[in-house]
Every structure is written in structure tokens, then in C-alpha cells.
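File shown: input-v3.cif. Contents: mmCIF, C-alpha atoms and all ligand atoms.
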data_work
loop_
_atom_site.group_PDB
_atom_site.id
_atom_site.type_symbol
_atom_site.label_atom_id
_atom_site.label_comp_id
_atom_site.auth_asym_id
_atom_site.auth_seq_id
_atom_site.Cartn_x
_atom_site.Cartn_y
_atom_site.Cartn_z
ATOM 1 C CA MET X 1 0.000 0.000 0.000
ATOM 2 C CA ILE X 2 1.318 3.431 -0.930
ATOM 3 C CA LYS X 3 0.606 5.960 1.797
ATOM 4 C CA LYS X 4 2.956 8.839 0.946
ATOM 5 C CA ALA X 5 2.762 11.360 -1.864
ATOM 6 C CA VAL X 6 4.940 14.248 -2.993
ATOM 7 C CA ILE X 7 3.569 17.304 -4.773
ATOM 8 C CA PRO X 8 6.329 19.445 -6.297
ATOM 9 C CA ALA X 9 5.003 23.010 -6.371
ATOM 10 C CA ALA X 10 8.152 25.118 -6.317
ATOM 11 C CA GLY X 11 8.275 26.120 -10.003
ATOM 12 C CA TRP X 12 8.150 29.715 -11.229
ATOM 13 C CA GLY X 13 5.017 29.270 -13.356
ATOM 14 C CA THR X 14 6.384 31.520 -16.122
ATOM 15 C CA ARG X 15 3.698 30.416 -18.611
ATOM 16 C CA PHE X 16 1.114 32.134 -16.461
ATOM 17 C CA LEU X 17 2.849 35.437 -15.733
ATOM 18 C CA PRO X 18 1.883 38.036 -14.643
ATOM 19 C CA ALA X 19 -0.835 36.154 -12.679
ATOM 20 C CA THR X 20 1.833 34.044 -10.985
ATOM 21 C CA LYS X 21 4.070 36.935 -9.930
ATOM 22 C CA ALA X 22 2.574 37.043 -6.435
ATOM 23 C CA ILE X 23 0.133 34.092 -6.489
ATOM 24 C CA PRO X 24 1.401 30.514 -6.807
ATOM 25 C CA LYS X 25 0.072 28.961 -10.001
ATOM 26 C CA GLU X 26 -1.128 26.010 -7.899
ATOM 27 C CA MET X 27 -3.527 28.435 -6.166
ATOM 28 C CA LEU X 28 -5.210 29.643 -9.361
ATOM 29 C CA PRO X 29 -8.825 28.538 -8.996
ATOM 30 C CA LEU X 30 -10.667 26.208 -11.335
ATOM 31 C CA VAL X 31 -14.081 27.768 -10.721
ATOM 32 C CA ASP X 32 -13.936 27.994 -6.899
ATOM 33 C CA LYS X 33 -11.232 25.544 -5.864
ATOM 34 C CA PRO X 34 -7.472 26.043 -6.250
ATOM 35 C CA ALA X 35 -5.820 23.592 -8.644
ATOM 36 C CA ILE X 36 -3.704 22.047 -5.884
ATOM 37 C CA GLN X 37 -6.805 21.079 -3.895
ATOM 38 C CA TYR X 38 -7.948 18.855 -6.776
ATOM 39 C CA ILE X 39 -4.517 17.195 -6.644
ATOM 40 C CA VAL X 40 -4.647 16.657 -2.875
ATOM 41 C CA GLU X 41 -8.191 15.253 -3.200
ATOM 42 C CA GLU X 42 -7.015 12.825 -5.891
ATOM 43 C CA ALA X 43 -4.211 11.614 -3.610
ATOM 44 C CA VAL X 44 -6.536 11.231 -0.604
ATOM 45 C CA THR X 45 -9.129 9.331 -2.683
ATOM 46 C CA ALA X 46 -6.339 6.954 -3.713
ATOM 47 C CA GLY X 47 -5.577 6.214 -0.048
ATOM 48 C CA ILE X 48 -2.651 8.584 0.554
ATOM 49 C CA GLU X 49 -2.291 9.666 4.186
ATOM 50 C CA ASP X 50 0.869 11.807 4.207
ATOM 51 C CA ILE X 51 1.592 14.459 1.587
ATOM 52 C CA LEU X 52 4.779 16.481 1.215
ATOM 53 C CA ILE X 53 4.367 19.681 -0.787
ATOM 54 C CA ILE X 54 7.639 21.050 -2.167
ATOM 55 C CA THR X 55 7.351 24.816 -2.032
ATOM 56 C CA SER X 56 9.511 27.867 -2.615
ATOM 57 C CA ARG X 57 9.768 31.429 -1.350
ATOM 58 C CA ASN X 58 6.502 32.939 -2.618
ATOM 59 C CA LYS X 59 4.211 29.942 -2.004
ATOM 60 C CA LYS X 60 2.927 30.754 1.489
ATOM 61 C CA ALA X 61 -0.659 30.848 0.209
ATOM 62 C CA ILE X 62 -0.503 27.049 -0.320
ATOM 63 C CA GLU X 63 0.298 26.475 3.374
ATOM 64 C CA ASP X 64 -2.440 28.896 4.426
ATOM 65 C CA HIS X 65 -4.964 27.115 2.235
ATOM 66 C CA PHE X 66 -4.499 23.744 3.945
ATOM 67 C CA ASP X 67 -4.284 25.240 7.462
ATOM 68 C CA ARG X 68 -7.071 25.935 9.968
ATOM 69 C CA PHE X 69 -8.373 29.528 9.896
ATOM 70 C CA PRO X 70 -10.117 30.084 13.292
ATOM 71 C CA ASP X 71 -11.168 33.709 12.587
ATOM 72 C CA LEU X 72 -12.897 32.760 9.356
ATOM 73 C CA GLU X 73 -14.455 29.699 11.014
ATOM 74 C CA ASN X 74 -15.852 31.877 13.836
ATOM 75 C CA PHE X 75 -17.185 34.387 11.331
ATOM 76 C CA LEU X 76 -18.953 31.714 9.280
ATOM 77 C CA LYS X 77 -20.319 30.161 12.477
ATOM 78 C CA SER X 78 -21.705 33.528 13.637
ATOM 79 C CA LYS X 79 -23.401 33.980 10.255
ATOM 80 C CA LYS X 80 -24.798 30.418 10.407
ATOM 81 C CA LYS X 81 -23.103 29.544 7.120
ATOM 82 C CA GLU X 82 -22.763 25.882 8.088
ATOM 83 C CA ASN X 83 -22.029 24.560 4.599
ATOM 84 C CA LEU X 84 -19.152 26.932 4.037
ATOM 85 C CA LEU X 85 -17.869 26.256 7.542
ATOM 86 C CA GLY X 86 -17.824 22.513 6.862
ATOM 87 C CA LEU X 87 -16.043 23.090 3.561
ATOM 88 C CA ILE X 88 -13.345 25.280 5.120
ATOM 89 C CA LYS X 89 -12.721 22.878 8.019
ATOM 90 C CA MET X 90 -12.607 19.843 5.722
ATOM 91 C CA ILE X 91 -9.713 21.307 3.704
ATOM 92 C CA ALA X 92 -7.533 21.388 6.804
ATOM 93 C CA GLN X 93 -8.363 17.780 7.727
ATOM 94 C CA MET X 94 -8.011 15.940 4.435
ATOM 95 C CA ALA X 95 -4.549 14.534 5.054
ATOM 96 C CA GLU X 96 -1.377 15.112 7.031
ATOM 97 C CA ILE X 97 0.310 17.757 4.897
ATOM 98 C CA HIS X 98 3.998 18.541 5.306
ATOM 99 C CA TYR X 99 6.104 21.185 3.586
ATOM 100 C CA ILE X 100 9.707 21.592 2.576
ATOM 101 C CA ARG X 101 11.264 24.408 0.632
ATOM 102 C CA GLN X 102 13.281 23.815 -2.491
ATOM 103 C CA LYS X 103 15.804 26.565 -1.928
ATOM 104 C CA GLU X 104 16.734 26.956 -5.593
ATOM 105 C CA GLN X 105 14.507 26.005 -8.493
ATOM 106 C CA LEU X 106 16.954 23.595 -10.097
ATOM 107 C CA GLY X 107 14.313 21.440 -11.807
ATOM 108 C CA LEU X 108 11.646 18.822 -11.152
ATOM 109 C CA GLY X 109 14.232 16.098 -10.463
ATOM 110 C CA HIS X 110 15.838 18.285 -7.820
ATOM 111 C CA ALA X 111 12.417 19.050 -6.298
ATOM 112 C CA VAL X 112 11.698 15.310 -5.948
ATOM 113 C CA LEU X 113 15.144 14.813 -4.385
ATOM 114 C CA CYS X 114 14.067 17.233 -1.622
ATOM 115 C CA ALA X 115 11.565 14.527 -0.519
ATOM 116 C CA ARG X 116 14.254 11.939 0.249
ATOM 117 C CA LYS X 117 14.008 12.060 4.063
ATOM 118 C CA PHE X 118 10.201 12.204 4.028
ATOM 119 C CA VAL X 119 9.959 9.157 1.772
ATOM 120 C CA GLY X 120 12.399 6.891 3.618
ATOM 121 C CA GLN X 121 12.277 3.322 2.284
ATOM 122 C CA ASP X 122 8.720 3.202 0.935
ATOM 123 C CA PRO X 123 7.340 3.420 -2.602
ATOM 124 C CA PHE X 124 5.660 6.799 -3.054
ATOM 125 C CA ALA X 125 3.479 8.769 -5.445
ATOM 126 C CA VAL X 126 4.380 12.029 -7.183
ATOM 127 C CA LEU X 127 1.607 14.277 -8.483
ATOM 128 C CA LEU X 128 2.264 17.500 -10.393
ATOM 129 C CA GLY X 129 -0.095 20.388 -9.739
ATOM 130 C CA ASP X 130 -0.135 21.287 -13.434
ATOM 131 C CA ASP X 131 -1.952 18.160 -14.524
ATOM 132 C CA ILE X 132 -5.601 17.668 -13.688
ATOM 133 C CA VAL X 133 -7.073 14.355 -14.810
ATOM 134 C CA ILE X 134 -10.806 13.785 -14.748
ATOM 135 C CA ASN X 135 -11.801 10.154 -14.378
ATOM 136 C CA GLU X 136 -13.131 7.566 -11.991
ATOM 137 C CA PRO X 137 -11.085 5.714 -10.826
ATOM 138 C CA ASN X 138 -8.710 8.670 -10.743
ATOM 139 C CA CYS X 139 -5.303 8.644 -12.395
ATOM 140 C CA LEU X 140 -3.362 7.792 -9.226
ATOM 141 C CA GLN X 141 -5.741 4.929 -8.409
ATOM 142 C CA GLN X 142 -5.122 3.537 -11.896
ATOM 143 C CA LEU X 143 -1.335 3.694 -11.395
ATOM 144 C CA MET X 144 -1.655 2.049 -7.978
ATOM 145 C CA ALA X 145 -3.534 -0.878 -9.514
ATOM 146 C CA VAL X 146 -0.652 -1.309 -11.990
ATOM 147 C CA PHE X 147 1.925 -1.029 -9.199
ATOM 148 C CA LYS X 148 0.164 -3.813 -7.305
ATOM 149 C CA GLU X 149 0.918 -6.107 -10.247
ATOM 150 C CA THR X 150 4.364 -4.875 -11.325
ATOM 151 C CA GLN X 151 5.939 -3.592 -8.069
ATOM 152 C CA GLY X 152 8.072 -1.370 -10.338
ATOM 153 C CA VAL X 153 8.137 2.334 -11.128
ATOM 154 C CA VAL X 154 4.917 3.331 -12.926
ATOM 155 C CA ILE X 155 4.486 6.536 -14.899
ATOM 156 C CA ALA X 156 1.334 7.877 -16.517
ATOM 157 C CA VAL X 157 1.507 8.524 -20.270
ATOM 158 C CA GLN X 158 -0.847 9.838 -22.911
ATOM 159 C CA GLU X 159 -0.669 10.036 -26.690
ATOM 160 C CA VAL X 160 0.207 13.467 -28.077
ATOM 161 C CA THR X 161 0.660 14.762 -31.627
ATOM 162 C CA ARG X 162 4.107 14.797 -33.258
ATOM 163 C CA GLU X 163 4.139 18.603 -32.991
ATOM 164 C CA GLU X 164 3.638 18.412 -29.222
ATOM 165 C CA VAL X 165 6.388 15.917 -28.318
ATOM 166 C CA ASN X 166 8.944 18.685 -27.670
ATOM 167 C CA ARG X 167 6.896 19.810 -24.647
ATOM 168 C CA TYR X 168 7.082 16.464 -22.801
ATOM 169 C CA GLY X 169 9.254 13.602 -21.674
ATOM 170 C CA ILE X 170 8.671 10.881 -24.285
ATOM 171 C CA ILE X 171 9.021 7.138 -23.639
ATOM 172 C CA ASP X 172 10.595 4.500 -25.854
ATOM 173 C CA PRO X 173 8.440 1.416 -25.206
ATOM 174 C CA ALA X 174 9.967 -2.079 -25.372
ATOM 175 C CA SER X 175 6.643 -3.921 -25.312
ATOM 176 C CA GLU X 176 2.954 -3.247 -24.922
ATOM 177 C CA ASN X 177 0.236 -5.181 -23.150
ATOM 178 C CA ASP X 178 -3.129 -3.463 -23.402
ATOM 179 C CA ARG X 179 -2.425 -0.029 -21.847
ATOM 180 C CA LEU X 180 0.765 -1.079 -20.096
ATOM 181 C CA PHE X 181 4.257 -0.575 -21.568
ATOM 182 C CA LEU X 182 7.647 -1.743 -20.389
ATOM 183 C CA VAL X 183 9.877 1.279 -20.947
ATOM 184 C CA LYS X 184 13.380 0.780 -22.341
ATOM 185 C CA ASP X 185 14.354 4.439 -22.657
ATOM 186 C CA MET X 186 12.971 7.956 -22.534
ATOM 187 C CA VAL X 187 13.958 11.430 -23.632
ATOM 188 C CA GLU X 188 12.999 14.867 -22.293
ATOM 189 C CA LYS X 189 11.513 17.330 -24.817
ATOM 190 C CA PRO X 190 12.835 15.697 -28.030
ATOM 191 C CA LEU X 191 12.596 17.284 -31.471
ATOM 192 C CA PRO X 192 9.671 15.660 -33.336
ATOM 193 C CA GLU X 193 12.038 13.813 -35.714
ATOM 194 C CA ARG X 194 14.010 12.376 -32.758
ATOM 195 C CA ALA X 195 11.020 11.295 -30.630
ATOM 196 C CA PRO X 196 10.974 7.510 -30.009
ATOM 197 C CA SER X 197 7.136 7.486 -29.786
ATOM 198 C CA ASN X 198 4.213 9.835 -29.250
ATOM 199 C CA LEU X 199 3.654 8.627 -25.667
ATOM 200 C CA ALA X 200 4.173 11.599 -23.360
ATOM 201 C CA ILE X 201 4.838 11.432 -19.635
ATOM 202 C CA ILE X 202 2.313 13.425 -17.622
ATOM 203 C CA GLY X 203 2.401 14.445 -13.986
ATOM 204 C CA ARG X 204 1.581 11.223 -12.131
ATOM 205 C CA TYR X 205 4.240 8.758 -11.013
ATOM 206 C CA ILE X 206 4.754 5.922 -8.590
ATOM 207 C CA LEU X 207 8.406 5.882 -7.672
ATOM 208 C CA LEU X 208 10.710 3.735 -5.572
ATOM 209 C CA PRO X 209 13.341 5.115 -3.155
ATOM 210 C CA GLU X 210 16.096 3.851 -5.491
ATOM 211 C CA ILE X 211 15.374 6.941 -7.627
ATOM 212 C CA PHE X 212 17.122 9.156 -5.018
ATOM 213 C CA PRO X 213 20.761 8.063 -5.431
ATOM 214 C CA VAL X 214 20.272 8.424 -9.194
ATOM 215 C CA LEU X 215 18.764 11.910 -8.833
ATOM 216 C CA ALA X 216 21.622 12.926 -6.562
ATOM 217 C CA LYS X 217 24.157 12.071 -9.290
ATOM 218 C CA ILE X 218 22.629 13.167 -12.586
ATOM 219 C CA PRO X 219 23.854 16.401 -14.184
ATOM 220 C CA PRO X 220 21.459 19.126 -15.407
ATOM 221 C CA GLY X 221 19.689 18.127 -18.624
ATOM 222 C CA ALA X 222 17.142 19.859 -20.888
ATOM 223 C CA GLY X 223 16.770 23.556 -20.072
ATOM 224 C CA GLY X 224 19.754 23.341 -17.673
ATOM 225 C CA GLU X 225 17.461 21.689 -15.082
ATOM 226 C CA ILE X 226 17.857 18.462 -13.107
ATOM 227 C CA GLN X 227 15.234 16.410 -14.893
ATOM 228 C CA LEU X 228 13.208 13.607 -13.323
ATOM 229 C CA THR X 229 13.038 12.019 -16.793
ATOM 230 C CA ASP X 230 16.860 11.666 -16.864
ATOM 231 C CA ALA X 231 16.827 9.737 -13.578
ATOM 232 C CA LEU X 232 13.910 7.573 -14.723
ATOM 233 C CA LYS X 233 15.846 6.848 -17.908
ATOM 234 C CA VAL X 234 18.627 5.227 -15.837
ATOM 235 C CA LEU X 235 16.069 2.944 -14.132
ATOM 236 C CA ALA X 236 14.312 2.255 -17.445
ATOM 237 C CA ARG X 237 17.542 0.959 -18.961
ATOM 238 C CA GLN X 238 17.638 -1.535 -16.064
ATOM 239 C CA GLY X 239 14.133 -2.721 -17.046
ATOM 240 C CA LYS X 240 12.451 -1.311 -13.935
ATOM 241 C CA VAL X 241 10.023 1.235 -15.380
ATOM 242 C CA TYR X 242 6.488 0.749 -16.648
ATOM 243 C CA ALA X 243 4.264 3.303 -18.342
ATOM 244 C CA TYR X 244 0.485 3.191 -18.197
ATOM 245 C CA LYS X 245 -1.764 4.883 -20.750
ATOM 246 C CA PHE X 246 -4.287 6.116 -18.211
ATOM 247 C CA GLN X 247 -7.991 6.540 -18.829
ATOM 248 C CA GLY X 248 -9.449 10.011 -18.487
ATOM 249 C CA ARG X 249 -9.241 13.551 -19.793
ATOM 250 C CA ARG X 250 -6.152 15.454 -18.764
ATOM 251 C CA TYR X 251 -5.721 19.224 -18.664
ATOM 252 C CA ASP X 252 -2.415 21.055 -18.401
ATOM 253 C CA VAL X 253 -3.624 23.814 -16.104
ATOM 254 C CA GLY X 254 -0.160 25.412 -16.023
ATOM 255 C CA ASP X 255 -0.900 26.432 -19.612
ATOM 256 C CA LYS X 256 -3.443 29.168 -20.367
ATOM 257 C CA LEU X 257 -5.506 27.181 -22.881
ATOM 258 C CA GLY X 258 -5.513 24.039 -20.708
ATOM 259 C CA PHE X 259 -6.550 26.144 -17.730
ATOM 260 C CA LEU X 260 -9.489 27.623 -19.643
ATOM 261 C CA GLN X 261 -10.584 24.204 -20.904
ATOM 262 C CA ALA X 262 -10.523 22.743 -17.384
ATOM 263 C CA THR X 263 -12.408 25.771 -16.062
ATOM 264 C CA VAL X 264 -15.188 25.308 -18.616
ATOM 265 C CA GLU X 265 -15.397 21.591 -17.882
ATOM 266 C CA PHE X 266 -15.611 22.084 -14.119
ATOM 267 C CA ALA X 267 -18.145 24.901 -14.512
ATOM 268 C CA LEU X 268 -20.336 22.604 -16.606
ATOM 269 C CA THR X 269 -20.445 20.041 -13.783
ATOM 270 C CA HIS X 270 -20.622 22.493 -10.865
ATOM 271 C CA PRO X 271 -23.873 22.021 -8.883
ATOM 272 C CA GLU X 272 -24.735 25.748 -8.809
ATOM 273 C CA LEU X 273 -23.198 26.887 -12.065
ATOM 274 C CA ALA X 274 -23.874 24.047 -14.500
ATOM 275 C CA ALA X 275 -27.354 25.179 -15.601
ATOM 276 C CA PRO X 276 -26.787 28.964 -15.905
ATOM 277 C CA PHE X 277 -23.329 28.511 -17.434
ATOM 278 C CA LYS X 278 -24.620 26.018 -20.000
ATOM 279 C CA ALA X 279 -27.441 28.438 -20.853
ATOM 280 C CA TYR X 280 -24.887 31.224 -21.281
ATOM 281 C CA LEU X 281 -22.667 29.109 -23.558
ATOM 282 C CA THR X 282 -25.676 27.979 -25.594
ATOM 283 C CA THR X 283 -26.730 31.593 -26.140
ATOM 284 C CA LEU X 284 -23.192 32.513 -27.070
ATOM 285 C CA LEU X 285 -22.840 29.677 -29.567
ATOM 286 C CA SER X 286 -26.307 29.996 -31.102
ATOM 287 C CA SER X 287 -26.067 33.724 -31.603
ATOM 288 C CA LYS X 288 -24.821 34.230 -35.160
ATOM 289 C CA THR X 289 -22.530 37.022 -34.170
ATOM 290 C CA GLY X 290 -22.155 36.026 -30.534
ATOM 291 C CA PHE X 291 -18.408 35.590 -30.624
ATOM 292 C CA GLN X 292 -17.734 38.924 -32.323
ATOM 293 C CA GLU X 293 -20.065 40.688 -29.913
ATOM 294 C CA VAL X 294 -18.335 39.167 -26.910
ATOM 295 C CA ALA X 295 -14.968 40.048 -28.434
ATOM 296 C CA THR X 296 -16.007 43.669 -28.814
ATOM 297 C CA GLY X 297 -17.638 43.766 -25.374
ATOM 298 C CA ARG X 298 -21.195 44.346 -26.617
ATOM 299 C CA GLU X 299 -24.204 42.745 -24.996
ATOM 300 C CA ILE X 300 -25.694 39.649 -26.644
HETATM 301 P P1 LIG X 401 7.098 23.157 -15.017
HETATM 302 O O1 LIG X 401 7.988 22.634 -16.056
HETATM 303 O O2 LIG X 401 5.669 23.302 -15.324
HETATM 304 O O3 LIG X 401 7.713 24.551 -14.561
HETATM 305 O O4 LIG X 401 7.293 22.264 -13.729
HETATM 306 P P2 LIG X 401 7.044 25.741 -13.781
HETATM 307 O O5 LIG X 401 8.114 26.679 -13.374
HETATM 308 O O6 LIG X 401 6.176 25.236 -12.667
HETATM 309 O O7 LIG X 401 6.065 26.419 -14.844
HETATM 310 P P3 LIG X 401 6.413 27.168 -16.225
HETATM 311 O O8 LIG X 401 6.715 26.086 -17.220
HETATM 312 O O9 LIG X 401 7.557 28.094 -15.975
HETATM 313 O O10 LIG X 401 5.151 27.902 -16.538
HETATM 314 C C1 LIG X 401 6.635 21.016 -13.573
HETATM 315 C C2 LIG X 401 6.373 20.794 -12.106
HETATM 316 O O11 LIG X 401 7.586 20.746 -11.373
HETATM 317 C C3 LIG X 401 7.603 21.703 -10.325
HETATM 318 C C4 LIG X 401 6.582 22.741 -10.735
HETATM 319 O O12 LIG X 401 6.064 23.423 -9.604
HETATM 320 C C5 LIG X 401 5.545 21.912 -11.470
HETATM 321 O O13 LIG X 401 4.650 21.294 -10.588
HETATM 322 N N1 LIG X 401 8.974 22.233 -10.207
HETATM 323 C C6 LIG X 401 9.667 22.592 -11.313
HETATM 324 C C7 LIG X 401 9.526 22.342 -8.957
HETATM 325 O O14 LIG X 401 8.897 22.031 -7.917
HETATM 326 N N2 LIG X 401 10.808 22.804 -8.859
HETATM 327 C C8 LIG X 401 11.536 23.173 -9.933
HETATM 328 O O15 LIG X 401 12.712 23.576 -9.765
HETATM 329 C C9 LIG X 401 10.949 23.066 -11.188
#
Let me see the structure of the file written as C-alpha cells.
Amino acid sequence: MIKKAVIPAAGWGTRFLPATKAIPKEMLPLVDKPAIQYIVEEAVTAGIEDILIITSRNKKAIEDHFDRFPDLENFLKSKKKENLLGLIKMIAQMAEIHYIRQKEQLGLGHAVLCARKFVGQDPFAVLLGDDIVINEPNCLQQLMAVFKETQGVVIAVQEVTREEVNRYGIIDPASENDRLFLVKDMVEKPLPERAPSNLAIIGRYILLPEIFPVLAKIPPGAGGEIQLTDALKVLARQGKVYAYKFQGRRYDVGDKLGFLQATVEFALTHPELAAPFKAYLTTLLSSKTGFQEVATGREI
């Protein structure tokens, strides 16, 4: 059973500047819930009890979000807003959440290395705040089911277009069995003509502690950063890494378009917003000139 998870959240979030100058990108809300809360909920649903969030200097809002807030609780209580009170208290009780600062943003691999003491000798999950996957069972639950069988490293992959491969770590599969691949090699952000496949690594992993000595030794790779993919590559060449083509829709919410897509999807399933938002979109789409009118700020 995997009980520990690591959420690296120390990155700069440059794709979302200027919004992320003072607000961590993990705190940008998808409708009314910060992205990182969806990630924590996914981990908890999969049975995770202890979560280490890797933070950096300007990420205090993440710690505040998962903390108790007695003044706000008292205020909501005095106003008899029981539902909101329950919601606020629940966030602080979901799991045991720990924090460590990555003192320099040297890359995802380096961020994961910061979890070495927390992890100890157990297999552990890594979830990136950028990737939101919508499915039941959730993405981490799917990887855990694979881990139960393989007892090896498991990474989540999805098919991308040839033009997109240079934005991802790409696996070189040795064999395929249904959705499961044994990985013989991988490469971070390859040029399309050099990509060994179109299977891209997304932000869900089950790792073993043997990743740490490898991470501690590897030199900076793509973008001058210590890359998790480079460490996984070493283990893959030893035949210890599996990739699973997960089921579900995945949104890169660290990217503006992905963020908007996820926002629309969550709004369309939100208990209060679904009906009025759908009505709004329907009006927008059915109006012949709806898009131009919205673009020019006129009423439709
Ligand atoms: P990204 O590649 O998305 O980088 O990191 P970023 O800085 O967060 O965002 P952009 O690309 O500049 O917009 C992937 C994941 O690794 C974490 C990030 O927080 C994100 O969850 N990360 C990255 C760290 O924790 N530390 C690092 O040094 C780099």
C-alpha cells in the first residue's frame, strides 16, 4: 500500500505570468477551488495519508490554504453559514500535509530529491499540480492498480501529436500489453524527428526510493534543469520502469488554454453553475454574431 505522496510546487510558473508573480500557479482557482486542492483530493481518494508539498519562497498561500483559519471559522459560524464552515474545516483535515522548501529552483528532479528524508524506504506517489485528470477511478488509483501487479516504477503517459512531443518527456516502449508498456528508454523534450514514440509522460508517477541516489548524481539536462526524466531513464535501462496509458481527460492547467478548458469543464459540472453557465454558452454559440459581440464587449 502506498501511503505517501509528494507534490512538487516550487516552479516559477512563467507560462502564467503576470498572474503568478505574487500568487502561486497552484492556487489559481478552477471555478472555486485552487488547482492544488484537486490534486490533494485525488491523492486522498487513492488512499494517501501523508503528503509532502515542495514549495519555494513565494508559495505561502498554499500552506495557508491547507491550514485551519479560526477567525474565518468563527465568522462563518456567527453567520450560520454551516455549509461553508464545513467546507473550510474539511480542507484542513483531508490529510497530514507537510512542507519543505526547495531553496533553488533547479528542476523537477531536484524538487523530488528534496523529498528523500520524508519518503524513507517506501514506494511513493508524485503528483504535479499542473496536470488535472478527470476520471473515476482517478489517475493515481489507476497507477496504484498497476503497481500492485508490477511492483516497479509506474508513470502515466498519454498520446500526443508529433508537434507536441517537444513539450514532454517521451518514452521508448519495449513492449505493450493493453495499456501497459515496459519502458526501455525515454527522452525529455525531443525534437519531433528524434522522438521515439508519441507517448508523453504526464504528472503522475509511482516511484521507488532507489530513484534518489540516481537523482543525486545526474547532471542538469534539458533547459539546464535536473530532470526527473533523466533519472527515470537510468532505471528504465535496467528494465524497472512501466508506463500506463491512463484513462481520463487530462488538462495542463499550467498552460493558459488548458486552464481555460478545465475551467469550462468544471463549470459545466458544478452544482450551482452548471445550468446557468450552459445556458450562457448555448446563447453565445447559437447567436450568429455572438463571438464577435463578446470580443467587442457588446451585450448579446
Ligand atoms: P514546469 O515545467 O511546469 O515549470 O514544472 P514551472 O516553473 O512550474 O512552470 P512554467 O513552465 O515556468 O510555466 C513542472 C512541475 O515541477 C515543479 C513545478 O512546480 C511543477 O509542478 N517544479 C519545477 C519544482 O517544484 N521545482 C523546480 O525547480 C521546477
Practice prompt. For atom CA of X:Arg237 and atom CA of X:Asp185, quote the distance in Å rounded to one decimal.
Written response: 6.0 Å
Within 9 Å of ligand LIG 401 (chain X), which residues of chain X show up? Give each one with its shortest atom-to-atom distance in Å (one decimal) and the two atoms involved, counting all atoms listed in the file, rows by chain then rising residue number, as a tab-separated table.
residue	atom	partner	partner_atom	distance
X:Ile7	CA	X:LIG401	O13	7.1
X:Pro8	CA	X:LIG401	O14	4.0
X:Ala9	CA	X:LIG401	O12	3.4
X:Ala10	CA	X:LIG401	O14	3.6
X:Gly11	CA	X:LIG401	O5	3.4
X:Trp12	CA	X:LIG401	O5	3.7
X:Gly13	CA	X:LIG401	O7	3.4
X:Thr14	CA	X:LIG401	O9	3.6
X:Arg15	CA	X:LIG401	O10	3.6
X:Phe16	CA	X:LIG401	O10	5.8
X:Leu17	CA	X:LIG401	O10	7.9
X:Thr20	CA	X:LIG401	O10	8.9
X:Pro24	CA	X:LIG401	O12	8.9
X:Lys25	CA	X:LIG401	O6	7.6
X:Glu26	CA	X:LIG401	O12	7.8
X:Ile53	CA	X:LIG401	O14	8.8
X:Ile54	CA	X:LIG401	O14	6.0
X:Thr55	CA	X:LIG401	O14	6.7
X:Ser56	CA	X:LIG401	O14	7.9
X:Gln102	CA	X:LIG401	N2	6.9
X:Lys103	CA	X:LIG401	O15	8.9
X:Glu104	CA	X:LIG401	O15	6.7
X:Gln105	CA	X:LIG401	O15	3.3
X:Leu106	CA	X:LIG401	O15	4.3
X:Gly107	CA	X:LIG401	O15	3.4
X:Leu108	CA	X:LIG401	C6	4.3
X:Gly109	CA	X:LIG401	C8	7.6
X:His110	CA	X:LIG401	O15	6.4
X:Ala111	CA	X:LIG401	N2	4.8
X:Val112	CA	X:LIG401	O14	7.5
X:Leu127	CA	X:LIG401	O13	7.9
X:Leu128	CA	X:LIG401	O13	4.5
X:Gly129	CA	X:LIG401	O13	4.9
X:Asp130	CA	X:LIG401	O13	5.6
X:Asp131	CA	X:LIG401	O13	8.3
X:Gly203	CA	X:LIG401	C2	7.7
X:Glu225	CA	X:LIG401	O15	7.4
X:Ile226	CA	X:LIG401	O15	8.0
X:Gln227	CA	X:LIG401	C9	8.7
X:Asp252	CA	X:LIG401	O2	8.9
X:Gly254	CA	X:LIG401	O10	5.9
X:Asp255	CA	X:LIG401	O10	6.9
Item to complete: Measure the distance from atom CA of X:Val183 to atom CA of X:Phe212 in Å and round it to one decimal.
Response: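 So the answer is 19.2 Å.
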Worksheet entry | Explicit residues for the PyMOL selection byres (((chain X and resi 161) around 12) and not hetatm) (as a ChimeraX atom specification) | /X:158-160,162-168,170,192,195,197-200
Would you save the residues from that selection as a compact mmCIF listing (two decimals), keeping the file's coordinate frame, using C-alpha atoms?
# COMPACT_ATOMS: atom_id res chain seq x y z
CA GLN X 158 -0.85 9.84 -22.91
CA GLU X 159 -0.67 10.04 -26.69
CA VAL X 160 0.21 13.47 -28.08
CA ARG X 162 4.11 14.80 -33.26
CA GLU X 163 4.14 18.60 -32.99
CA GLU X 164 3.64 18.41 -29.22
CA VAL X 165 6.39 15.92 -28.32
CA ASN X 166 8.94 18.68 -27.67
CA ARG X 167 6.90 19.81 -24.65
CA TYR X 168 7.08 16.46 -22.80
CA ILE X 170 8.67 10.88 -24.28
CA PRO X 192 9.67 15.66 -33.34
CA ALA X 195 11.02 11.30 -30.63
CA SER X 197 7.14 7.49 -29.79
CA ASN X 198 4.21 9.84 -29.25
CA LEU X 199 3.65 8.63 -25.67
CA ALA X 200 4.17 11.60 -23.36
Fill in: Atom-to-atom span, atom CA of X:Ile2 and atom CA of X:Ala125, Å
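Those two atoms sit 7.3 Å apart.
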Neighbour list for X:Asn135 as a PDB file with C-alpha atoms, in the coordinates of the input, cut-off 12 Å, only C-alpha atoms, skip fewer than 6 positions in-chain:
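This is the output file out.pdb:
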ATOM      1  CA  GLU X  42      -7.015  12.825  -5.891  1.00  0.00           C
ATOM      2  CA  GLN X 141      -5.741   4.929  -8.409  1.00  0.00           C
ATOM      3  CA  GLN X 142      -5.122   3.537 -11.896  1.00  0.00           C
ATOM      4  CA  PHE X 246      -4.287   6.116 -18.211  1.00  0.00           C
ATOM      5  CA  GLN X 247      -7.991   6.540 -18.829  1.00  0.00           C
ATOM      6  CA  GLY X 248      -9.449  10.011 -18.487  1.00  0.00           C
ATOM      7  CA  ARG X 249      -9.241  13.551 -19.793  1.00  0.00           C
ATOM      8  CA  ARG X 250      -6.152  15.454 -18.764  1.00  0.00           C
ATOM      9  CA  TYR X 251      -5.721  19.224 -18.664  1.00  0.00           C
TER      10      TYR X 251
END
Expansion of the PyMOL selection byres (((chain X and resi 208) around 9) and not hetatm) into residues, as a JSON list (two decimals) with C-alpha atoms, in the frame of the given file:
[["chain", "number", "residue", "atom", "x", "y", "z"],
["X", 121, "GLN", "CA", 12.28, 3.32, 2.28],
["X", 122, "ASP", "CA", 8.72, 3.20, 0.94],
["X", 123, "PRO", "CA", 7.34, 3.42, -2.60],
["X", 124, "PHE", "CA", 5.66, 6.80, -3.05],
["X", 125, "ALA", "CA", 3.48, 8.77, -5.44],
["X", 152, "GLY", "CA", 8.07, -1.37, -10.34],
["X", 153, "VAL", "CA", 8.14, 2.33, -11.13],
["X", 206, "ILE", "CA", 4.75, 5.92, -8.59],
["X", 207, "LEU", "CA", 8.41, 5.88, -7.67],
["X", 209, "PRO", "CA", 13.34, 5.12, -3.16],
["X", 210, "GLU", "CA", 16.10, 3.85, -5.49],
["X", 211, "ILE", "CA", 15.37, 6.94, -7.63],
["X", 212, "PHE", "CA", 17.12, 9.16, -5.02]]
Discussion item. Can you pull out the residues contacting X:Ala5? Cut-off 7 Å, using only C-alpha atoms, and skip same-chain residues under 5 positions away; I want them as number ranges by chain.
Written reply: X: 48, 50-52, 124-126
Discussion item. Applying the PyMOL selection byres (((chain X and resi 266-269) around 10) and not hetatm) to the file I just gave you, which residues come out? Please list them as a count of residues only.
Written reply: 21
